[in-house]
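> Input target-v2.pdb, format and content: PDB, C-alpha atoms and all ligand atoms.
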```
ATOM      1  CA  MET I 146     -98.029   8.188 -12.821
ATOM      2  CA  THR I 147     -95.415   5.938 -14.373
ATOM      3  CA  ILE I 148     -91.804   6.955 -14.355
ATOM      4  CA  GLU I 149     -90.051   5.778 -17.466
ATOM      5  CA  SER I 150     -86.398   6.472 -16.881
ATOM      6  CA  PRO I 151     -84.719   7.026 -13.523
ATOM      7  CA  ALA I 152     -84.369  10.651 -12.448
ATOM      8  CA  LEU I 153     -83.892  12.787  -9.387
ATOM      9  CA  TYR I 154     -87.068  14.847  -8.998
ATOM     10  CA  VAL I 155     -86.637  18.094  -7.037
ATOM     11  CA  VAL I 156     -89.996  18.557  -5.365
ATOM     12  CA  PRO I 157     -91.055  21.746  -3.543
ATOM     13  CA  THR I 158     -93.397  21.188  -0.591
ATOM     14  CA  PRO I 159     -95.785  23.681   1.055
ATOM     15  CA  ILE I 160     -94.473  26.537   3.198
ATOM     16  CA  GLY I 161     -97.582  26.444   5.345
ATOM     17  CA  ASN I 162    -100.715  25.699   3.387
ATOM     18  CA  LEU I 163    -100.960  22.033   2.381
ATOM     19  CA  GLY I 164    -103.218  23.014  -0.508
ATOM     20  CA  ASP I 165    -100.146  24.442  -2.222
ATOM     21  CA  LEU I 166     -98.691  21.041  -3.021
ATOM     22  CA  THR I 167     -99.126  20.672  -6.778
ATOM     23  CA  GLN I 168    -100.793  17.664  -8.373
ATOM     24  CA  ARG I 169     -97.534  16.878 -10.137
ATOM     25  CA  ALA I 170     -95.645  16.940  -6.831
ATOM     26  CA  ILE I 171     -98.185  14.527  -5.329
ATOM     27  CA  ASP I 172     -97.939  12.243  -8.361
ATOM     28  CA  VAL I 173     -94.145  12.146  -8.213
ATOM     29  CA  LEU I 174     -94.008  11.619  -4.439
ATOM     30  CA  CYS I 175     -96.464   8.739  -4.738
ATOM     31  CA  ALA I 176     -94.660   7.164  -7.687
ATOM     32  CA  VAL I 177     -90.991   7.167  -6.643
ATOM     33  CA  PRO I 178     -89.521   4.263  -4.696
ATOM     34  CA  TRP I 179     -87.136   6.581  -2.789
ATOM     35  CA  ILE I 180     -87.577   9.981  -1.160
ATOM     36  CA  ALA I 181     -84.508  11.905   0.036
ATOM     37  CA  ALA I 182     -85.720  14.211   2.800
ATOM     38  CA  GLU I 183     -83.981  16.925   4.819
ATOM     39  CA  ASP I 184     -85.621  15.590   7.976
ATOM     40  CA  THR I 185     -87.285  12.217   7.540
ATOM     41  CA  ARG I 186     -89.288  12.538  10.792
ATOM     42  CA  HIS I 187     -90.570  15.979   9.788
ATOM     43  CA  SER I 188     -91.677  14.828   6.323
ATOM     44  CA  ALA I 189     -93.127  11.457   7.312
ATOM     45  CA  PRO I 190     -96.614  12.764   8.286
ATOM     46  CA  LEU I 191     -97.013  14.679   5.005
ATOM     47  CA  LEU I 192     -95.946  11.640   2.981
ATOM     48  CA  ARG I 193     -98.256   9.364   4.977
ATOM     49  CA  GLN I 194    -101.133  11.754   4.348
ATOM     50  CA  LEU I 195    -100.451  11.626   0.610
ATOM     51  CA  GLY I 196    -100.209   7.853   0.588
ATOM     52  CA  ALA I 197     -96.582   8.078  -0.588
ATOM     53  CA  HIS I 198     -94.863   4.848   0.319
ATOM     54  CA  GLY I 199     -91.352   5.467  -1.020
ATOM     55  CA  ARG I 200     -88.514   4.593   1.324
ATOM     56  CA  LEU I 201     -86.837   7.532   3.029
ATOM     57  CA  LEU I 202     -83.210   8.615   2.791
ATOM     58  CA  ALA I 203     -81.822  11.330   5.073
ATOM     59  CA  ALA I 204     -80.390  14.225   3.052
ATOM     60  CA  HIS I 205     -79.511  17.070   5.405
ATOM     61  CA  GLN I 206     -76.782  19.681   5.378
ATOM     62  CA  HIS I 207     -74.367  17.503   7.386
ATOM     63  CA  ASN I 208     -74.524  14.440   5.120
ATOM     64  CA  GLU I 209     -75.088  15.850   1.646
ATOM     65  CA  ALA I 210     -72.025  14.146   0.122
ATOM     66  CA  GLY I 211     -73.001  10.734   1.493
ATOM     67  CA  ALA I 212     -76.642  11.283   0.602
ATOM     68  CA  ALA I 213     -75.645  12.254  -2.935
ATOM     69  CA  GLN I 214     -73.812   8.944  -3.352
ATOM     70  CA  GLN I 215     -76.839   7.013  -2.097
ATOM     71  CA  VAL I 216     -79.074   8.862  -4.546
ATOM     72  CA  ILE I 217     -76.655   8.208  -7.414
ATOM     73  CA  ASP I 218     -76.532   4.497  -6.506
ATOM     74  CA  ARG I 219     -80.353   4.274  -6.592
ATOM     75  CA  LEU I 220     -80.493   6.051  -9.961
ATOM     76  CA  ALA I 221     -77.765   3.797 -11.340
ATOM     77  CA  GLY I 222     -79.902   0.862 -10.250
ATOM     78  CA  GLY I 223     -82.793   2.215 -12.300
ATOM     79  CA  GLU I 224     -84.823   3.673  -9.412
ATOM     80  CA  SER I 225     -86.054   7.275  -9.285
ATOM     81  CA  VAL I 226     -85.659   9.480  -6.228
ATOM     82  CA  ALA I 227     -87.586  12.571  -5.080
ATOM     83  CA  LEU I 228     -85.700  15.226  -3.143
ATOM     84  CA  ILE I 229     -87.648  17.283  -0.597
ATOM     85  CA  SER I 230     -86.745  19.703   2.176
ATOM     86  CA  ASP I 231     -88.733  20.541   5.307
ATOM     87  CA  ALA I 232     -90.667  23.242   3.454
ATOM     88  CA  GLY I 233     -90.480  25.063   0.166
ATOM     89  CA  THR I 234     -87.992  24.462  -2.605
ATOM     90  CA  PRO I 235     -84.935  22.277  -1.943
ATOM     91  CA  GLY I 236     -81.662  24.123  -2.492
ATOM     92  CA  ILE I 237     -83.145  27.517  -1.593
ATOM     93  CA  SER I 238     -81.644  28.219   1.854
ATOM     94  CA  ASP I 239     -82.059  24.471   2.279
ATOM     95  CA  PRO I 240     -79.906  21.434   1.468
ATOM     96  CA  GLY I 241     -80.107  20.054  -2.043
ATOM     97  CA  ALA I 242     -77.651  21.934  -4.251
ATOM     98  CA  ARG I 243     -74.780  19.510  -3.670
ATOM     99  CA  ILE I 244     -76.952  16.480  -4.317
ATOM    100  CA  VAL I 245     -78.300  17.959  -7.535
ATOM    101  CA  ALA I 246     -74.787  18.848  -8.702
ATOM    102  CA  ALA I 247     -73.423  15.393  -7.890
ATOM    103  CA  VAL I 248     -76.310  13.660  -9.649
ATOM    104  CA  ARG I 249     -75.831  15.702 -12.797
ATOM    105  CA  ALA I 250     -72.069  15.193 -12.658
ATOM    106  CA  ALA I 251     -72.745  11.441 -12.527
ATOM    107  CA  GLY I 252     -74.614  11.799 -15.813
ATOM    108  CA  GLN I 253     -78.048  11.230 -14.305
ATOM    109  CA  ARG I 254     -81.137  13.285 -14.995
ATOM    110  CA  VAL I 255     -82.462  15.967 -12.614
ATOM    111  CA  ILE I 256     -86.095  17.016 -13.070
ATOM    112  CA  PRO I 257     -87.167  20.132 -11.128
ATOM    113  CA  LEU I 258     -90.815  20.737 -10.276
ATOM    114  CA  PRO I 259     -92.130  24.293  -9.799
ATOM    115  CA  GLY I 260     -93.752  25.007  -6.461
ATOM    116  CA  PRO I 261     -93.731  26.961  -3.196
ATOM    117  CA  CYS I 262     -90.767  29.173  -2.347
ATOM    118  CA  ALA I 263     -91.159  31.779   0.398
ATOM    119  CA  ALA I 264     -88.982  34.348  -1.393
ATOM    120  CA  VAL I 265     -91.013  34.196  -4.603
ATOM    121  CA  VAL I 266     -94.327  34.219  -2.763
ATOM    122  CA  ALA I 267     -93.199  37.309  -0.815
ATOM    123  CA  LEU I 268     -91.912  39.058  -3.928
ATOM    124  CA  SER I 269     -95.215  38.505  -5.692
ATOM    125  CA  ALA I 270     -97.026  40.509  -3.020
ATOM    126  CA  ALA I 271     -94.332  43.022  -2.047
ATOM    127  CA  GLY I 272     -95.085  45.469  -4.827
ATOM    128  CA  LEU I 273     -91.504  46.716  -5.011
ATOM    129  CA  ALA I 274     -90.815  48.621  -8.201
ATOM    130  CA  GLU I 275     -87.308  47.319  -8.882
ATOM    131  CA  PRO I 276     -87.089  45.185 -12.012
ATOM    132  CA  HIS I 277     -84.399  43.012 -10.414
ATOM    133  CA  PHE I 278     -83.984  41.393  -7.038
ATOM    134  CA  LEU I 279     -81.131  39.813  -5.155
ATOM    135  CA  PHE I 280     -82.013  36.809  -3.023
ATOM    136  CA  HIS I 281     -79.682  36.659  -0.046
ATOM    137  CA  GLY I 282     -81.498  34.255   2.275
ATOM    138  CA  PHE I 283     -80.293  34.254   5.874
ATOM    139  CA  LEU I 284     -77.832  36.892   7.032
ATOM    140  CA  PRO I 285     -75.017  35.793   9.356
ATOM    141  CA  SER I 286     -76.112  35.532  12.986
ATOM    142  CA  LYS I 287     -73.068  37.395  14.360
ATOM    143  CA  ALA I 288     -73.519  41.168  14.384
ATOM    144  CA  ARG I 289     -70.179  42.049  12.825
ATOM    145  CA  GLN I 290     -70.506  39.570   9.961
ATOM    146  CA  ARG I 291     -74.111  40.571   9.406
ATOM    147  CA  GLU I 292     -73.115  44.217   9.041
ATOM    148  CA  ASP I 293     -70.265  43.335   6.696
ATOM    149  CA  ALA I 294     -72.670  41.316   4.546
ATOM    150  CA  LEU I 295     -75.128  44.192   4.463
ATOM    151  CA  ARG I 296     -72.435  46.700   3.549
ATOM    152  CA  GLU I 297     -71.617  44.536   0.521
ATOM    153  CA  LEU I 298     -75.242  44.827  -0.592
ATOM    154  CA  ALA I 299     -75.934  48.416   0.418
ATOM    155  CA  ALA I 300     -75.191  50.088  -2.896
ATOM    156  CA  LEU I 301     -77.043  47.654  -5.148
ATOM    157  CA  PRO I 302     -80.035  49.086  -6.999
ATOM    158  CA  HIS I 303     -81.879  45.747  -6.707
ATOM    159  CA  ALA I 304     -84.570  44.772  -4.221
ATOM    160  CA  LEU I 305     -82.937  42.668  -1.510
ATOM    161  CA  VAL I 306     -84.616  39.536  -0.190
ATOM    162  CA  PHE I 307     -83.729  37.980   3.173
ATOM    163  CA  TYR I 308     -85.009  35.107   5.253
ATOM    164  CA  GLU I 309     -85.264  35.499   8.996
ATOM    165  CA  ALA I 310     -86.434  33.553  12.021
ATOM    166  CA  PRO I 311     -88.548  35.186  14.758
ATOM    167  CA  HIS I 312     -85.848  35.144  17.440
ATOM    168  CA  ARG I 313     -83.592  37.357  15.330
ATOM    169  CA  ILE I 314     -86.147  39.586  13.670
ATOM    170  CA  LEU I 315     -85.566  42.652  15.866
ATOM    171  CA  GLU I 316     -81.776  42.618  15.627
ATOM    172  CA  THR I 317     -81.862  41.978  11.886
ATOM    173  CA  VAL I 318     -84.292  44.810  11.211
ATOM    174  CA  ALA I 319     -82.140  47.088  13.406
ATOM    175  CA  ALA I 320     -79.072  46.135  11.352
ATOM    176  CA  LEU I 321     -80.910  46.680   8.046
ATOM    177  CA  CYS I 322     -81.845  50.168   9.187
ATOM    178  CA  ALA I 323     -78.365  50.972  10.512
ATOM    179  CA  VAL I 324     -76.539  49.892   7.348
ATOM    180  CA  LEU I 325     -79.059  50.613   4.585
ATOM    181  CA  GLY I 326     -80.479  53.783   6.136
ATOM    182  CA  PRO I 327     -83.958  54.633   7.446
ATOM    183  CA  GLU I 328     -85.531  55.691   4.169
ATOM    184  CA  ARG I 329     -85.617  52.562   2.059
ATOM    185  CA  THR I 330     -88.842  50.573   2.086
ATOM    186  CA  LEU I 331     -88.977  47.366   4.104
ATOM    187  CA  VAL I 332     -91.646  44.783   3.404
ATOM    188  CA  LEU I 333     -92.158  42.292   6.223
ATOM    189  CA  ALA I 334     -93.867  39.210   4.813
ATOM    190  CA  ARG I 335     -94.764  36.963   7.747
ATOM    191  CA  GLU I 336     -96.342  33.527   7.976
ATOM    192  CA  LEU I 337     -97.063  33.399   4.253
ATOM    193  CA  THR I 338     -99.872  31.055   3.218
ATOM    194  CA  LYS I 339    -100.711  30.458   6.907
ATOM    195  CA  LEU I 340    -103.528  31.565   9.204
ATOM    196  CA  PHE I 341    -101.734  34.640  10.515
ATOM    197  CA  GLU I 342    -100.205  35.749   7.241
ATOM    198  CA  SER I 343     -99.347  39.437   7.228
ATOM    199  CA  ILE I 344     -97.577  41.688   4.756
ATOM    200  CA  HIS I 345     -96.564  45.115   5.991
ATOM    201  CA  ALA I 346     -94.551  47.786   4.189
ATOM    202  CA  CYS I 347     -92.963  50.811   5.856
ATOM    203  CA  PRO I 348     -89.762  52.866   5.773
ATOM    204  CA  LEU I 349     -86.906  50.970   7.436
ATOM    205  CA  GLY I 350     -86.709  53.736  10.046
ATOM    206  CA  GLU I 351     -90.240  52.925  11.265
ATOM    207  CA  ALA I 352     -90.016  49.156  11.190
ATOM    208  CA  LEU I 353     -88.615  48.518  14.676
ATOM    209  CA  ASP I 354     -91.337  50.584  16.351
ATOM    210  CA  TRP I 355     -93.968  48.795  14.278
ATOM    211  CA  LEU I 356     -92.636  45.389  15.322
ATOM    212  CA  ARG I 357     -92.348  46.368  18.993
ATOM    213  CA  ALA I 358     -95.882  47.777  19.097
ATOM    214  CA  ASP I 359     -97.323  44.242  19.103
ATOM    215  CA  ALA I 360     -95.433  41.076  20.127
ATOM    216  CA  ASN I 361     -97.518  39.060  17.653
ATOM    217  CA  ARG I 362     -95.837  40.949  14.831
ATOM    218  CA  GLN I 363     -92.517  39.347  15.823
ATOM    219  CA  ARG I 364     -93.831  35.781  15.684
ATOM    220  CA  GLY I 365     -93.527  33.248  12.898
ATOM    221  CA  GLU I 366     -91.385  33.030   9.800
ATOM    222  CA  PHE I 367     -90.303  36.082   7.857
ATOM    223  CA  VAL I 368     -89.233  37.152   4.436
ATOM    224  CA  LEU I 369     -87.763  40.648   4.570
ATOM    225  CA  LEU I 370     -87.610  42.638   1.349
ATOM    226  CA  VAL I 371     -85.814  45.971   1.063
ATOM    227  CA  SER I 372     -86.102  48.361  -1.856
ATOM    228  CA  GLY I 373     -82.908  48.942  -3.835
ATOM    229  CA  ALA I 374     -80.445  51.765  -3.254
ATOM    230  CA  PRO I 375     -81.587  54.980  -4.889
ATOM    231  CA  PRO I 376     -79.218  56.122  -7.669
ATOM    232  CA  ALA I 377     -77.571  58.911  -5.666
ATOM    233  CA  ASP I 378     -76.906  56.422  -2.907
ATOM    234  CA  ASN I 379     -75.214  53.722  -4.870
ATOM    235  CA  GLY I 380     -71.637  54.697  -4.237
ATOM    236  CA  ALA I 381     -70.695  54.815  -7.897
ATOM    237  CA  GLU I 382     -72.721  57.556  -9.501
ATOM    238  CA  GLY I 383     -71.047  60.852 -10.119
ATOM    239  CA  GLY I 384     -68.429  60.480  -7.417
ATOM    240  CA  GLU I 385     -64.766  59.622  -7.306
ATOM    241  CA  GLY I 386     -65.529  55.960  -7.900
ATOM    242  CA  GLU I 387     -67.207  56.752 -11.196
ATOM    243  CA  ARG I 388     -64.431  59.092 -12.289
ATOM    244  CA  VAL I 389     -61.737  56.484 -11.656
ATOM    245  CA  LEU I 390     -63.862  53.786 -13.264
ATOM    246  CA  ARG I 391     -64.178  55.836 -16.455
ATOM    247  CA  LEU I 392     -60.417  56.353 -16.585
ATOM    248  CA  LEU I 393     -59.711  52.647 -16.146
ATOM    249  CA  LEU I 394     -62.252  51.638 -18.774
ATOM    250  CA  ALA I 395     -60.891  54.253 -21.145
ATOM    251  CA  ASP I 396     -57.490  52.631 -20.622
ATOM    252  CA  GLY I 397     -58.945  49.402 -21.973
ATOM    253  CA  LEU I 398     -59.374  47.424 -18.730
ATOM    254  CA  PRO I 399     -62.110  44.786 -18.747
ATOM    255  CA  VAL I 400     -65.261  45.738 -16.812
ATOM    256  CA  LYS I 401     -64.682  43.380 -13.909
ATOM    257  CA  GLN I 402     -61.089  44.403 -13.365
ATOM    258  CA  ALA I 403     -61.892  48.112 -13.730
ATOM    259  CA  ALA I 404     -64.653  47.853 -11.122
ATOM    260  CA  LYS I 405     -62.354  45.944  -8.786
ATOM    261  CA  LEU I 406     -59.564  48.504  -9.089
ATOM    262  CA  ALA I 407     -61.899  51.520  -8.839
ATOM    263  CA  HIS I 408     -63.291  49.950  -5.669
ATOM    264  CA  ALA I 409     -59.799  49.370  -4.277
ATOM    265  CA  ILE I 410     -58.714  52.936  -5.111
ATOM    266  CA  THR I 411     -61.798  54.868  -4.001
ATOM    267  CA  GLY I 412     -63.722  52.583  -1.640
ATOM    268  CA  ALA I 413     -66.912  52.991  -3.735
ATOM    269  CA  ALA I 414     -69.046  49.838  -3.737
ATOM    270  CA  ARG I 415     -67.617  47.269  -6.141
ATOM    271  CA  ASN I 416     -70.948  45.823  -7.197
ATOM    272  CA  ALA I 417     -72.355  49.263  -7.951
ATOM    273  CA  LEU I 418     -69.264  50.141  -9.992
ATOM    274  CA  TYR I 419     -69.547  46.892 -11.891
ATOM    275  CA  GLU I 420     -73.237  47.504 -12.644
ATOM    276  CA  ARG I 421     -72.439  51.041 -13.750
ATOM    277  CA  ALA I 422     -69.695  49.876 -16.093
ATOM    278  CA  LEU I 423     -72.024  47.277 -17.614
ATOM    279  CA  ALA I 424     -74.683  49.941 -18.117
ATOM    280  CA  TRP I 425     -72.197  52.207 -19.887
ATOM    281  CA  ARG I 426     -71.144  49.340 -22.112
ATOM    282  CA  GLU I 427     -74.782  48.651 -23.009
ATOM    283  CA  GLU I 428     -75.364  52.361 -23.706
ATOM    284  CA  ALA I 429     -72.305  52.482 -25.922
ATOM    285  CA  ARG I 430     -73.548  49.470 -27.907
ATOM    286  CA  SER I 431     -77.083  50.764 -28.454
TER     287      SER I 431
HETATM  288  N1  LIG J 501     -86.571  26.291   0.988
HETATM  289  C1  LIG J 501     -87.462  27.255   1.579
HETATM  290  C2  LIG J 501     -88.086  28.100   0.455
HETATM  291  O1  LIG J 501     -88.121  27.640  -0.684
HETATM  292  O2  LIG J 501     -88.574  29.188   0.724
HETATM  293  C3  LIG J 501     -86.788  28.096   2.633
HETATM  294  C4  LIG J 501     -86.246  27.285   3.775
HETATM  295  S1  LIG J 501     -85.427  28.248   4.991
HETATM  296  C5  LIG J 501     -84.683  26.988   5.955
HETATM  297  C6  LIG J 501     -86.726  28.733   6.033
HETATM  298  C7  LIG J 501     -86.968  30.233   5.999
HETATM  299  O3  LIG J 501     -87.787  30.544   4.880
HETATM  300  C8  LIG J 501     -87.730  30.766   7.207
HETATM  301  O4  LIG J 501     -86.861  31.055   8.290
HETATM  302  C9  LIG J 501     -88.345  32.026   6.647
HETATM  303  O5  LIG J 501     -87.397  33.057   6.589
HETATM  304  C10 LIG J 501     -88.680  31.585   5.218
HETATM  305  N2  LIG J 501     -90.037  31.049   5.198
HETATM  306  C11 LIG J 501     -90.392  29.757   5.065
HETATM  307  N3  LIG J 501     -91.734  29.641   5.106
HETATM  308  C12 LIG J 501     -92.219  30.883   5.280
HETATM  309  C13 LIG J 501     -93.534  31.419   5.396
HETATM  310  N4  LIG J 501     -94.589  30.642   5.378
HETATM  311  N5  LIG J 501     -93.664  32.752   5.545
HETATM  312  C14 LIG J 501     -92.584  33.558   5.567
HETATM  313  N6  LIG J 501     -91.330  33.095   5.465
HETATM  314  C15 LIG J 501     -91.145  31.782   5.325
END
```
Output the structure of this file as structure tokens.
Ligand code: SAM

Amino acid sequence: MTIESPALYVVPTPIGNLGDLTQRAIDVLCAVPWIAAEDTRHSAPLLRQLGAHGRLLAAHQHNEAGAAQQVIDRLAGGESVALISDAGTPGISDPGARIVAAVRAAGQRVIPLPGPCAAVVALSAAGLAEPHFLFHGFLPSKARQREDALRELAALPHALVFYEAPHRILETVAALCAVLGPERTLVLARELTKLFESIHACPLGEALDWLRADANRQRGEFVLLVSGAPPADNGAEGGEGERVLRLLLADGLPVKQAAKLAHAITGAARNALYERALAWREEARS
């Protein structure tokens, strides 16, 4: 592959199965003179295996600003750079977003390649009926902050997608159940694309027992997907929140402000109120 003009290529790498590296990703990694990697030691064996000889730059979460400048300098000098993380798509619960933004702000080209992303792989097999999903990634590790974050999401009608590591799986599933309630469906997608891949769906209220029944079920990397809040549960429908929201909208307030005020007045979930107001506006237009 010949690279005609310098660009930053954003290159997803496998999340387990090396066969998932695309031909285009291999071509780019072998063609670029520079590879910015989240962890150069982690990525070196993969790059060696591919016969990619580009020089490595460290681009991790603690040096993204400095790394961005190095990437911009290489591009300005006419050399292309590939950006990779330890696994999956850079910028998705991984460093990369700041580098991409800085490169574009410097007027240089960013070329994204499609490829492995644990959230998308999990969604494709979860079978959740919701037409929309919200990708949250990792929840905070502290219990209080984790619960606050979950409360913010609780009323949304969208499927919720989280990342979790094995050492926190039990406490996170317990928190999901406590805040979102036992009835919503949880899909535990574990070790995707790997030897011990498993995808299990159950009501949130049964998930802890299922995990505890076999220690192997708690091992490996997880994507957790939770079905969206049912309509009666969403904090906006029919209740005081909705009544106040209607009044504020009727008074001519913009949707965002009306949702914010209705939330402040009634405590109903702001996101749910906002979604409701948008839906009304759509209905009124059609
Ligand atoms: N950038 C990556 C992506 O595109 O999916 C995510 C990186 S994030 C640091 C790592 C987390 O992704 C893991 O803790 C786990 O939650 C999820 N993950 C990565 N690989 C996975 C796999 N093979 N199976 C299930 N979850 C995985």
> Which one of I:Phe341, I:Phe367, I:Trp355, I:Phe283 sits closest to ligand LIG 501 (chain J) if you count all atoms listed in the file?
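Residue with the minimum atom-to-atom distance to ligand LIG 501 (chain J): I:Phe367.
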> Once the PyMOL selection byres (((chain I and resi 220-235) around 7) and not hetatm) has been evaluated on this model, what residues remain selected, and can you format them as number ranges by chain?
I: 151-160, 174, 177-184, 187-188, 216-219, 236-237, 239-241, 260-263
> Please report the interatomic distance between CA of Ala274 in chain I and CA of Gly373 in chain I in Å with one decimal.
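Result for CA of Ala274 in chain I versus CA of Gly373 in chain I: 9.0 Å, one decimal.
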> Using only C-alpha atoms, which protein or nucleic acid residues come within 12 Å of Ala360 in chain I? Drop anything in the same chain fewer than 6 positions from it, and give the result as a PyMOL selection string.
chain I and resi 311-312+314-315+353-354
> Please list as a ChimeraX atom specification every residue within 12 Å of Lys401 in chain I, counting all atoms listed in the file and excluding residues in the same chain fewer than 5 positions away.
/I:390,393-394,406-408,415-423
> Take the selection from the previous step and output its residues with C-alpha atoms, as an mmCIF file, in the coordinates of the input.

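Saved as out-v8.cif:
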```
data_model
loop_
_atom_site.group_PDB
_atom_site.id
_atom_site.type_symbol
_atom_site.label_atom_id
_atom_site.label_comp_id
_atom_site.auth_asym_id
_atom_site.auth_seq_id
_atom_site.Cartn_x
_atom_site.Cartn_y
_atom_site.Cartn_z
ATOM 1 C CA LEU I 390 -63.862 53.786 -13.264
ATOM 2 C CA LEU I 393 -59.711 52.647 -16.146
ATOM 3 C CA LEU I 394 -62.252 51.638 -18.774
ATOM 4 C CA LEU I 406 -59.564 48.504 -9.089
ATOM 5 C CA ALA I 407 -61.899 51.520 -8.839
ATOM 6 C CA HIS I 408 -63.291 49.950 -5.669
ATOM 7 C CA ARG I 415 -67.617 47.269 -6.141
ATOM 8 C CA ASN I 416 -70.948 45.823 -7.197
ATOM 9 C CA ALA I 417 -72.355 49.263 -7.951
ATOM 10 C CA LEU I 418 -69.264 50.141 -9.992
ATOM 11 C CA TYR I 419 -69.547 46.892 -11.891
ATOM 12 C CA GLU I 420 -73.237 47.504 -12.644
ATOM 13 C CA ARG I 421 -72.439 51.041 -13.750
ATOM 14 C CA ALA I 422 -69.695 49.876 -16.093
ATOM 15 C CA LEU I 423 -72.024 47.277 -17.614
#
```
> Hey, which of I:Leu337, I:Ala404, I:Ala176, I:Ala352 ends up closest to ligand LIG 501 (chain J)? Count all atoms listed in the file.
I:Leu337
> Work out where the centre of an axis-aligned box around every listed atom of ligand LIG 501 (chain J) lies and how long its edges are once 5 Å is added on each side; give both in Å to one decimal as JSON.

```
{"center_x": -89.6, "center_y": 29.9, "center_z": 3.8, "size_x": 19.9, "size_y": 17.3, "size_z": 19.0}
```
> Compare I:Leu298, I:Val248, I:Leu398, I:Val265 by their minimum atom-to-atom distance to ligand LIG 501 (chain J), counting only C-alpha atoms and all ligand atoms, and give me the closest one.
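Using only C-alpha atoms and all ligand atoms, the shortest distance to ligand LIG 501 (chain J) belongs to I:Val265.
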> Which value, in Å to one decimal, gives the distance between atom C8 of ligand LIG 501 (chain J) and CA of Ala294 in chain I?
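It comes out at 18.6 Å.
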> Counting all atoms listed in the file, which of I:Thr167, I:Thr330, I:Asn208, I:Asn162 gets nearest to ligand LIG 501 (chain J)?
I:Asn162
> Can you work out which one of I:His277, I:His303, I:Lys339, I:Arg296 has the shortest atom-to-atom distance to Cys322 in chain I, counting only C-alpha atoms?
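Looking only at the distances to Cys322 in chain I, the closest residue turns out to be I:Arg296.
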> CA of Ala413 in chain I to CA of Ala374 in chain I: how many Å, to one decimal?
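So the answer is 13.6 Å.
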> Please fill the gaps in range 349-360 of chain I so it has N, CA, C and O atoms, and write that as a compact mmCIF listing (two decimals), in the coordinates of the input.

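This is the output file part_8.txt:
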```
# COMPACT_ATOMS: atom_id res chain seq x y z
N LEU I 349 -87.73 51.74 6.48
CA LEU I 349 -86.91 50.97 7.44
C LEU I 349 -86.84 51.65 8.80
O LEU I 349 -86.83 50.99 9.83
N GLY I 350 -86.82 52.98 8.79
CA GLY I 350 -86.71 53.74 10.05
C GLY I 350 -87.92 53.58 10.96
O GLY I 350 -87.86 53.92 12.14
N GLU I 351 -89.03 53.09 10.43
CA GLU I 351 -90.24 52.92 11.26
C GLU I 351 -90.49 51.47 11.64
O GLU I 351 -91.40 51.16 12.41
N ALA I 352 -89.68 50.59 11.08
CA ALA I 352 -90.02 49.16 11.19
C ALA I 352 -89.86 48.61 12.61
O ALA I 352 -90.70 47.83 13.07
N LEU I 353 -88.81 49.06 13.32
CA LEU I 353 -88.62 48.52 14.68
C LEU I 353 -89.77 48.90 15.58
O LEU I 353 -90.29 48.08 16.34
N ASP I 354 -90.20 50.15 15.52
CA ASP I 354 -91.34 50.58 16.35
C ASP I 354 -92.58 49.78 16.00
O ASP I 354 -93.35 49.40 16.87
N TRP I 355 -92.78 49.55 14.71
CA TRP I 355 -93.97 48.80 14.28
C TRP I 355 -93.92 47.38 14.85
O TRP I 355 -94.91 46.87 15.36
N LEU I 356 -92.76 46.76 14.80
CA LEU I 356 -92.64 45.39 15.32
C LEU I 356 -92.84 45.36 16.83
O LEU I 356 -93.49 44.48 17.38
N ARG I 357 -92.28 46.36 17.51
CA ARG I 357 -92.35 46.37 18.99
C ARG I 357 -93.74 46.70 19.50
O ARG I 357 -94.08 46.39 20.64
N ALA I 358 -94.54 47.34 18.66
CA ALA I 358 -95.88 47.78 19.10
C ALA I 358 -96.80 46.59 19.38
O ALA I 358 -97.81 46.74 20.06
N ASP I 359 -96.46 45.41 18.89
CA ASP I 359 -97.32 44.24 19.10
C ASP I 359 -96.44 42.98 18.99
O ASP I 359 -95.89 42.71 17.93
N ALA I 360 -96.33 42.25 20.10
CA ALA I 360 -95.43 41.08 20.13
C ALA I 360 -95.82 40.06 19.06
O ALA I 360 -94.95 39.33 18.55
```
